[in-house]
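Listing of final-v7.txt, compact mmCIF, C-alpha atoms
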```txt
# COMPACT_ATOMS: atom_id res chain seq x y z
CA MET A 593 48.52 -6.25 66.03
CA LYS A 594 46.07 -9.14 65.73
CA GLN A 595 48.93 -11.52 65.00
CA GLN A 596 50.86 -10.33 68.07
CA ILE A 597 47.80 -10.77 70.28
CA ASP A 598 47.41 -14.26 68.85
CA LEU A 599 51.05 -15.04 69.70
CA PHE A 600 50.52 -13.77 73.24
CA PHE A 601 47.45 -15.98 73.57
CA HIS A 602 49.55 -18.94 72.39
CA ALA A 603 52.00 -18.19 75.20
CA LEU A 604 49.19 -17.91 77.75
CA MET A 605 47.59 -21.12 76.52
CA PHE A 606 50.75 -23.20 76.76
CA TYR A 607 52.41 -21.68 79.83
CA SER A 608 49.47 -20.86 82.07
CA ARG A 609 46.00 -21.99 83.03
CA ILE A 610 44.48 -18.58 82.39
CA PRO A 611 41.38 -19.08 80.18
CA ILE A 612 41.67 -17.38 76.78
CA GLY A 613 38.99 -19.09 74.69
CA LYS A 614 39.68 -20.52 71.25
CA ILE A 615 42.69 -19.50 69.17
CA ASP A 616 44.04 -20.42 65.73
CA TYR A 617 46.71 -22.76 67.08
CA SER A 618 49.81 -23.61 65.10
CA GLU A 619 53.19 -25.03 66.01
CA GLU A 620 54.89 -22.11 64.26
CA ASN A 621 52.97 -19.55 66.32
CA LEU A 622 53.72 -21.43 69.52
CA GLN A 623 57.44 -21.25 68.73
CA LYS A 624 57.21 -17.52 67.97
CA ALA A 625 55.18 -17.02 71.15
CA PHE A 626 58.39 -17.25 73.17
CA ARG A 627 58.68 -13.48 72.63
CA TYR A 628 55.78 -13.07 75.06
CA PHE A 629 56.93 -15.63 77.62
CA PRO A 630 58.15 -12.87 80.00
CA LEU A 631 54.81 -11.09 79.48
CA VAL A 632 53.10 -14.22 80.77
CA GLY A 633 55.37 -13.81 83.78
CA ILE A 634 54.20 -10.22 84.20
CA VAL A 635 50.59 -11.39 84.14
CA VAL A 636 51.27 -14.19 86.63
CA GLY A 637 53.29 -11.83 88.81
CA GLY A 638 50.51 -9.26 88.59
CA ILE A 639 48.05 -11.85 89.85
CA GLY A 640 50.38 -12.68 92.72
CA ALA A 641 50.93 -9.01 93.53
CA GLY A 642 47.19 -8.34 93.54
CA VAL A 643 46.50 -11.29 95.82
CA PHE A 644 49.22 -10.12 98.22
CA ALA A 645 47.81 -6.59 98.34
CA LEU A 646 44.30 -7.87 99.09
CA PHE A 647 45.33 -10.44 101.69
CA ALA A 648 47.70 -7.98 103.39
CA LEU A 649 44.71 -5.76 104.15
CA VAL A 650 43.25 -8.43 106.44
CA PHE A 651 45.91 -11.02 107.25
CA PRO A 652 49.48 -10.92 108.56
CA SER A 653 52.36 -11.14 106.04
CA PRO A 654 52.94 -14.93 106.30
CA VAL A 655 49.34 -15.62 105.26
CA ALA A 656 49.50 -13.05 102.46
CA VAL A 657 52.76 -14.52 101.15
CA ALA A 658 51.36 -18.06 101.22
CA ALA A 659 48.28 -16.88 99.30
CA THR A 660 50.52 -15.11 96.77
CA ILE A 661 52.53 -18.25 96.06
CA ALA A 662 49.37 -20.35 95.84
CA ALA A 663 47.78 -17.90 93.40
CA MET A 664 50.78 -17.93 91.07
CA VAL A 665 51.03 -21.72 91.15
CA SER A 666 47.31 -21.92 90.32
CA ALA A 667 47.74 -19.45 87.45
CA THR A 668 50.46 -21.56 85.82
CA GLY A 669 49.08 -24.97 86.73
CA ALA A 670 52.44 -25.66 88.43
CA ILE A 671 53.94 -26.38 85.01
CA HIS A 672 57.40 -25.13 85.98
CA GLU A 673 57.33 -26.68 89.45
CA ASP A 674 56.48 -29.98 87.76
CA GLY A 675 59.59 -29.62 85.60
CA PHE A 676 61.64 -28.82 88.71
CA ALA A 677 60.47 -32.03 90.44
CA ASP A 678 61.05 -34.12 87.30
CA PHE A 679 64.53 -32.63 86.98
CA PHE A 680 65.53 -33.77 90.47
CA ASP A 681 63.91 -37.18 90.03
CA GLY A 682 65.73 -37.71 86.75
CA PHE A 683 69.16 -36.40 87.60
CA GLY A 684 68.97 -37.65 91.17
CA GLY A 685 67.84 -41.17 90.34
CA GLY A 686 69.36 -41.76 86.89
CA ARG A 687 72.92 -42.73 86.12
CA THR A 688 72.81 -42.83 82.33
CA LYS A 689 71.33 -40.45 79.78
CA GLU A 690 68.66 -42.95 78.81
CA ARG A 691 67.65 -43.57 82.42
CA ILE A 692 67.55 -39.86 83.28
CA LEU A 693 65.31 -39.12 80.30
CA ALA A 694 63.04 -42.06 81.09
CA ILE A 695 62.59 -40.98 84.72
CA MET A 696 61.84 -37.39 83.75
CA LYS A 697 59.22 -38.57 81.27
CA ASP A 698 57.49 -40.72 83.92
CA SER A 699 54.43 -38.90 85.32
CA ALA A 700 55.00 -40.32 88.82
CA VAL A 701 56.86 -38.13 91.31
CA GLY A 702 59.65 -39.82 93.26
CA THR A 703 61.45 -39.07 96.51
CA TYR A 704 63.89 -36.61 94.98
CA GLY A 705 61.04 -34.73 93.32
CA VAL A 706 58.95 -34.49 96.48
CA LEU A 707 61.88 -33.32 98.57
CA SER A 708 62.87 -30.75 95.94
CA LEU A 709 59.36 -29.27 95.92
CA VAL A 710 59.24 -29.08 99.71
CA LEU A 711 62.57 -27.26 99.80
CA LEU A 712 61.58 -25.06 96.84
CA PHE A 713 58.41 -23.80 98.47
CA LEU A 714 60.11 -23.37 101.83
CA ALA A 715 62.74 -21.23 100.11
CA LYS A 716 60.15 -19.19 98.21
CA PHE A 717 58.05 -18.63 101.31
CA SER A 718 60.95 -17.58 103.51
CA LEU A 719 62.49 -15.32 100.83
CA TYR A 720 59.24 -13.59 99.86
CA LEU A 721 58.50 -13.11 103.56
CA SER A 722 61.90 -11.42 103.93
CA VAL A 723 61.00 -8.77 101.33
CA ALA A 724 59.52 -5.54 102.69
CA PRO A 725 55.72 -5.65 102.14
CA ALA A 726 55.76 -2.33 100.28
CA ALA A 727 58.32 -3.67 97.79
CA LEU A 728 56.95 -7.20 97.42
CA PRO A 729 54.44 -6.56 94.56
CA ALA A 730 57.19 -5.07 92.36
CA VAL A 731 59.59 -7.89 93.26
CA VAL A 732 56.99 -10.54 92.44
CA VAL A 733 56.38 -9.10 88.97
CA ALA A 734 60.10 -8.62 88.26
CA VAL A 735 61.09 -12.13 89.27
CA GLN A 736 58.27 -13.78 87.33
CA ALA A 737 59.05 -11.81 84.17
CA SER A 738 62.84 -11.96 84.19
CA SER A 739 63.21 -15.63 85.11
CA ARG A 740 61.22 -16.56 82.02
CA PHE A 741 63.81 -15.10 79.68
CA MET A 742 66.47 -17.63 80.65
CA PRO A 743 64.85 -20.65 78.92
CA ILE A 744 65.10 -18.68 75.67
CA ALA A 745 68.84 -18.33 76.25
CA MET A 746 69.04 -22.08 76.88
CA ILE A 747 67.09 -22.93 73.72
CA ASN A 748 69.38 -20.74 71.59
CA SER A 749 72.64 -21.96 73.08
CA SER A 750 72.09 -25.66 73.73
CA HIS A 751 70.46 -28.71 72.16
CA TYR A 752 67.05 -30.31 72.74
CA VAL A 753 67.83 -33.95 73.39
CA ARG A 754 64.54 -35.79 73.03
CA THR A 755 63.92 -37.36 69.65
CA GLU A 756 60.35 -38.56 70.20
CA ASN A 757 57.31 -36.28 70.05
CA SER A 758 56.62 -34.43 73.28
CA LYS A 759 54.69 -31.40 74.52
CA ALA A 760 57.96 -29.43 74.48
CA ALA A 761 58.90 -30.39 70.92
CA HIS A 762 58.50 -26.77 69.73
CA VAL A 763 61.75 -25.89 71.55
CA ARG A 764 63.80 -27.87 69.03
CA ARG A 765 64.14 -24.77 66.85
CA LYS A 766 66.07 -21.68 67.88
CA VAL A 767 64.09 -18.60 68.86
CA ASP A 768 64.30 -15.91 66.17
CA GLY A 769 66.12 -12.63 66.77
CA VAL A 770 63.01 -10.44 66.88
CA SER A 771 61.44 -12.68 69.51
CA VAL A 772 64.63 -12.64 71.59
CA CYS A 773 64.70 -8.83 71.55
CA VAL A 774 61.02 -8.50 72.46
CA ALA A 775 61.38 -11.06 75.24
CA LEU A 776 64.49 -9.32 76.59
CA PHE A 777 62.70 -5.98 76.71
CA LEU A 778 59.68 -7.45 78.51
CA ALA A 779 61.91 -9.32 80.94
CA ALA A 780 63.96 -6.21 81.74
CA ALA A 781 61.11 -3.70 81.98
CA PRO A 782 60.05 -4.54 85.57
CA PHE A 783 63.62 -3.92 86.77
CA ILE A 784 62.77 -0.22 86.66
CA PHE A 785 61.27 -0.80 90.11
CA ILE A 786 64.39 -2.57 91.44
CA PRO A 787 67.48 -0.59 92.59
CA TRP A 788 70.10 -0.66 89.85
CA LYS A 789 72.86 -2.19 91.97
CA ILE A 790 70.58 -5.06 92.97
CA SER A 791 69.44 -5.45 89.35
CA LEU A 792 73.04 -5.73 88.17
CA ALA A 793 73.84 -8.34 90.81
CA ILE A 794 70.74 -10.31 89.86
CA VAL A 795 71.69 -10.34 86.17
CA PHE A 796 75.19 -11.61 86.94
CA SER A 797 73.72 -14.26 89.26
CA TYR A 798 71.19 -15.29 86.61
CA PHE A 799 73.91 -16.04 84.09
CA ALA A 800 76.08 -17.81 86.67
CA VAL A 801 73.20 -20.19 87.42
CA PHE A 802 72.42 -20.52 83.71
CA ILE A 803 76.00 -21.43 82.77
CA ALA A 804 76.30 -23.91 85.64
CA LEU A 805 73.03 -25.68 84.76
CA LYS A 806 73.79 -25.67 81.03
CA ARG A 807 77.20 -27.28 81.56
CA TYR A 808 75.79 -29.84 83.97
CA THR A 809 72.91 -30.95 81.73
CA GLU A 810 75.08 -31.04 78.62
CA ARG A 811 77.59 -33.22 80.44
CA LYS A 812 74.90 -35.58 81.72
CA ILE A 813 72.44 -35.82 78.81
CA GLY A 814 73.92 -33.71 76.01
CA GLY A 815 71.54 -30.76 76.25
CA PHE A 816 68.16 -29.87 77.70
CA THR A 817 64.55 -31.00 77.89
CA GLY A 818 61.32 -29.19 78.74
CA ASP A 819 61.78 -30.24 82.37
CA VAL A 820 65.24 -28.67 82.41
CA LEU A 821 63.74 -25.39 81.19
CA GLY A 822 61.12 -25.52 83.95
CA ALA A 823 63.81 -26.22 86.54
CA LEU A 824 65.89 -23.33 85.17
CA ILE A 825 63.04 -20.89 85.80
CA GLN A 826 62.72 -22.09 89.40
CA PHE A 827 66.47 -21.88 90.03
CA GLU A 828 66.52 -18.34 88.64
CA GLU A 829 63.53 -17.35 90.74
CA ILE A 830 65.33 -18.48 93.90
CA ILE A 831 68.59 -16.75 92.97
CA PHE A 832 66.73 -13.50 92.19
CA LEU A 833 65.04 -13.53 95.60
CA SER A 834 68.22 -14.58 97.41
CA VAL A 835 70.24 -11.74 95.91
CA TYR A 836 67.48 -9.21 96.51
CA VAL A 837 67.02 -10.19 100.15
CA ALA A 838 70.78 -10.30 100.77
CA MET A 839 71.22 -6.78 99.38
CA THR A 840 68.30 -5.07 101.12
CA PRO A 841 67.78 -4.28 104.82
CA HIS A 842 66.17 -7.14 106.69
CA ILE A 843 62.66 -6.52 107.95
```
Could you write out this structure as structure tokens?
Amino acid sequence: MKQQIDLFFHALMFYSRIPIGKIDYSEENLQKAFRYFPLVGIVVGGIGAGVFALFALVFPSPVAVAATIAAMVSATGAIHEDGFADFFDGFGGGRTKERILAIMKDSAVGTYGVLSLVLLFLAKFSLYLSVAPAALPAVVVAVQASSRFMPIAMINSSHYVRTENSKAAHVRRKVDGVSVCVALFLAAAPFIFIPWKISLAIVFSYFAVFIALKRYTERKIGGFTGDVLGALIQFEEIIFLSVYVAMTPHI
């Protein structure tokens, strides 16, 4: 049990800004910690759901939704949104593999990145606002948990293309079978609160987006980077919300 808690803390340390104190860090444990990546999503989603419930007691829904998004971004340190912006800067501004990788590695945010973030947050805000307030906490947790499984699928089915050391170097190795099963269970668990027909449509949509992005990045750069994984999570989050809103009565 202590080892599993340590792996979970590795996941929290690397994929959130939630304080956890000191841990016995190792690259091996960080790679195994992928099994708890969806659990990090449950924690982040739980924070968002709690903030929404509190703000909804006092403020109208638009304010509560904005606070929810801000809380979740604060909890993760915008690590995945940063990857999303870098993805659009790189693939929007680069023409060759080398140039795309160089742009994504640059810490500066360009025009494509800024525009992508504006559109991303507009989409999130409008879609979350379109979810019935009573259902929104469950939706927030489900989307945050399930979207975080897809990078594991990318790691195990594609190729990490950077050769130099980077903060995402631990994704070079495939995720072991036990970790995949644990992550899949944790990602699927919150779907118990989502109608089964909507859940099925979301799963199909998830893999459609995954296949499209995988083929695109492999054609352009031969595989994926950490920024591609971050962008994948954001794409999946948007497709989850889009399918859910499209299949539920409008409020």
List the neighbours of Leu778 in chain A out to 7 Å using only C-alpha atoms; skip same-chain residues closer than 4 positions along the sequence, and give me the result as a tab-separated table (two decimals) with C-alpha atoms, in the frame of the given file.
```tsv
chain	number	residue	atom	x	y	z
A	630	PRO	CA	58.15	-12.87	80.00
A	631	LEU	CA	54.81	-11.09	79.48
A	774	VAL	CA	61.02	-8.50	72.46
```
TODO: For range 804-808 of chain A, list every protein, DNA or RNA residue within 9 Å, evaluated using all atoms listed in the file, and leave out those in the same chain fewer than 2 positions away; present the list as a PyMOL selection string.
DONE: chain A and resi 746+749-750+799-802+810-813+815-816+820+824
Task: Atom pair CA of Ile803 in chain A / CA of Asp819 in chain A: separation (Å) - done: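 These atoms are spaced 16.7 Å apart.
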Neighbours of point (47.2, -8.4, 89.0) within 12 Å, using all atoms listed in the file, written as a tab-separated table (two decimals) with C-alpha atoms, in the frame of the given file:
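Result went into selection39.tsv, see below:
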```
chain	number	residue	atom	x	y	z
A	632	VAL	CA	53.10	-14.22	80.77
A	633	GLY	CA	55.37	-13.81	83.78
A	634	ILE	CA	54.20	-10.22	84.20
A	635	VAL	CA	50.59	-11.39	84.14
A	636	VAL	CA	51.27	-14.19	86.63
A	637	GLY	CA	53.29	-11.83	88.81
A	638	GLY	CA	50.51	-9.26	88.59
A	639	ILE	CA	48.05	-11.85	89.85
A	640	GLY	CA	50.38	-12.68	92.72
A	641	ALA	CA	50.93	-9.01	93.53
A	642	GLY	CA	47.19	-8.34	93.54
A	643	VAL	CA	46.50	-11.29	95.82
A	644	PHE	CA	49.22	-10.12	98.22
A	645	ALA	CA	47.81	-6.59	98.34
A	646	LEU	CA	44.30	-7.87	99.09
A	660	THR	CA	50.52	-15.11	96.77
A	663	ALA	CA	47.78	-17.90	93.40
A	664	MET	CA	50.78	-17.93	91.07
A	667	ALA	CA	47.74	-19.45	87.45
A	729	PRO	CA	54.44	-6.56	94.56
A	730	ALA	CA	57.19	-5.07	92.36
A	732	VAL	CA	56.99	-10.54	92.44
A	733	VAL	CA	56.38	-9.10	88.97
```
- [ ] Pick out the residues sitting within 7 Å of Ala656 in chain A, and hand them over as a PyMOL selection string; count all atoms listed in the file, and ignore anything fewer than 5 positions along from it in its own chain.
- [x] chain A and resi 644+647-648+651
Open item on the list: With only C-alpha atoms as the counted atoms, please give the residues lying no more than 7 Å from Ala779 in chain A, apart from itself and same-chain residues fewer than 2 positions off, as a VMD selection string.
Closed with: chain A and resid 630 737 to 738 741 775 to 777 781 to 782
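Of the listed residues A:Leu821, A:Cys773, A:Val723, A:Val657, the one whose atoms come nearest to Ser834 in chain A is A:Val723, with distances taken using all atoms listed in the file.
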- [ ] Choose the residue, out of A:Asn748, A:Ser618, A:Thr755, A:Gln595, that has the smallest atom-to-atom separation from Asp768 in chain A; count all atoms listed in the file.
- [x]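 Smallest separation from Asp768 in chain A among the options: A:Asn748.
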TODO: Could you check which of A:Lys789, A:Lys716, A:His762, A:Arg687 is closest to Ile831 in chain A, using all atoms listed in the file?
DONE: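 Residue with the minimum atom-to-atom distance to Ile831 in chain A: A:Lys716.
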Selection near Leu833 in chain A, 9 Å with only C-alpha atoms, sequence-local residues under 3 positions removed, as a tab-separated table (two decimals) with C-alpha atoms, in the coordinates of the input:
```tsv
chain	number	residue	atom	x	y	z
A	716	LYS	CA	60.15	-19.19	98.21
A	719	LEU	CA	62.49	-15.32	100.83
A	720	TYR	CA	59.24	-13.59	99.86
A	723	VAL	CA	61.00	-8.77	101.33
A	731	VAL	CA	59.59	-7.89	93.26
A	735	VAL	CA	61.09	-12.13	89.27
A	794	ILE	CA	70.74	-10.31	89.86
A	828	GLU	CA	66.52	-18.34	88.64
A	829	GLU	CA	63.53	-17.35	90.74
A	830	ILE	CA	65.33	-18.48	93.90
A	836	TYR	CA	67.48	-9.21	96.51
A	837	VAL	CA	67.02	-10.19	100.15
A	838	ALA	CA	70.78	-10.30	100.77
```
- [ ] Have a look at CA of Ile786 in chain A and CA of Tyr628 in chain A and let me know their distance in Å, one decimal.
- [x]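 Separating CA of Ile786 in chain A from CA of Tyr628 in chain A is a distance of 21.3 Å.
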TODO: Could you please determine the separation between CA of Asp616 in chain A and CA of Met593 in chain A in Å, to one decimal place?
DONE: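 Distance reported for this atom pair: 14.9 Å.
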Open item on the list: Counting all atoms listed in the file, which residue out of A:Phe796, A:Leu728, A:Ser771, A:Tyr752 sits closest to Gln596 in chain A?
Closed with: A:Ser771
TODO: Between A:Val655, A:Ala823, A:Leu712, A:Leu792, single out the one closest to Ile671 in chain A, counting all atoms listed in the file.
DONE: A:Ala823
Open item on the list: Nearest residue to Ala625 in chain A out of A:Val763, A:Phe783, A:Leu707, A:Ala700, using only C-alpha atoms?
Closed with: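 Closest to Ala625 in chain A, using only C-alpha atoms: A:Val763.
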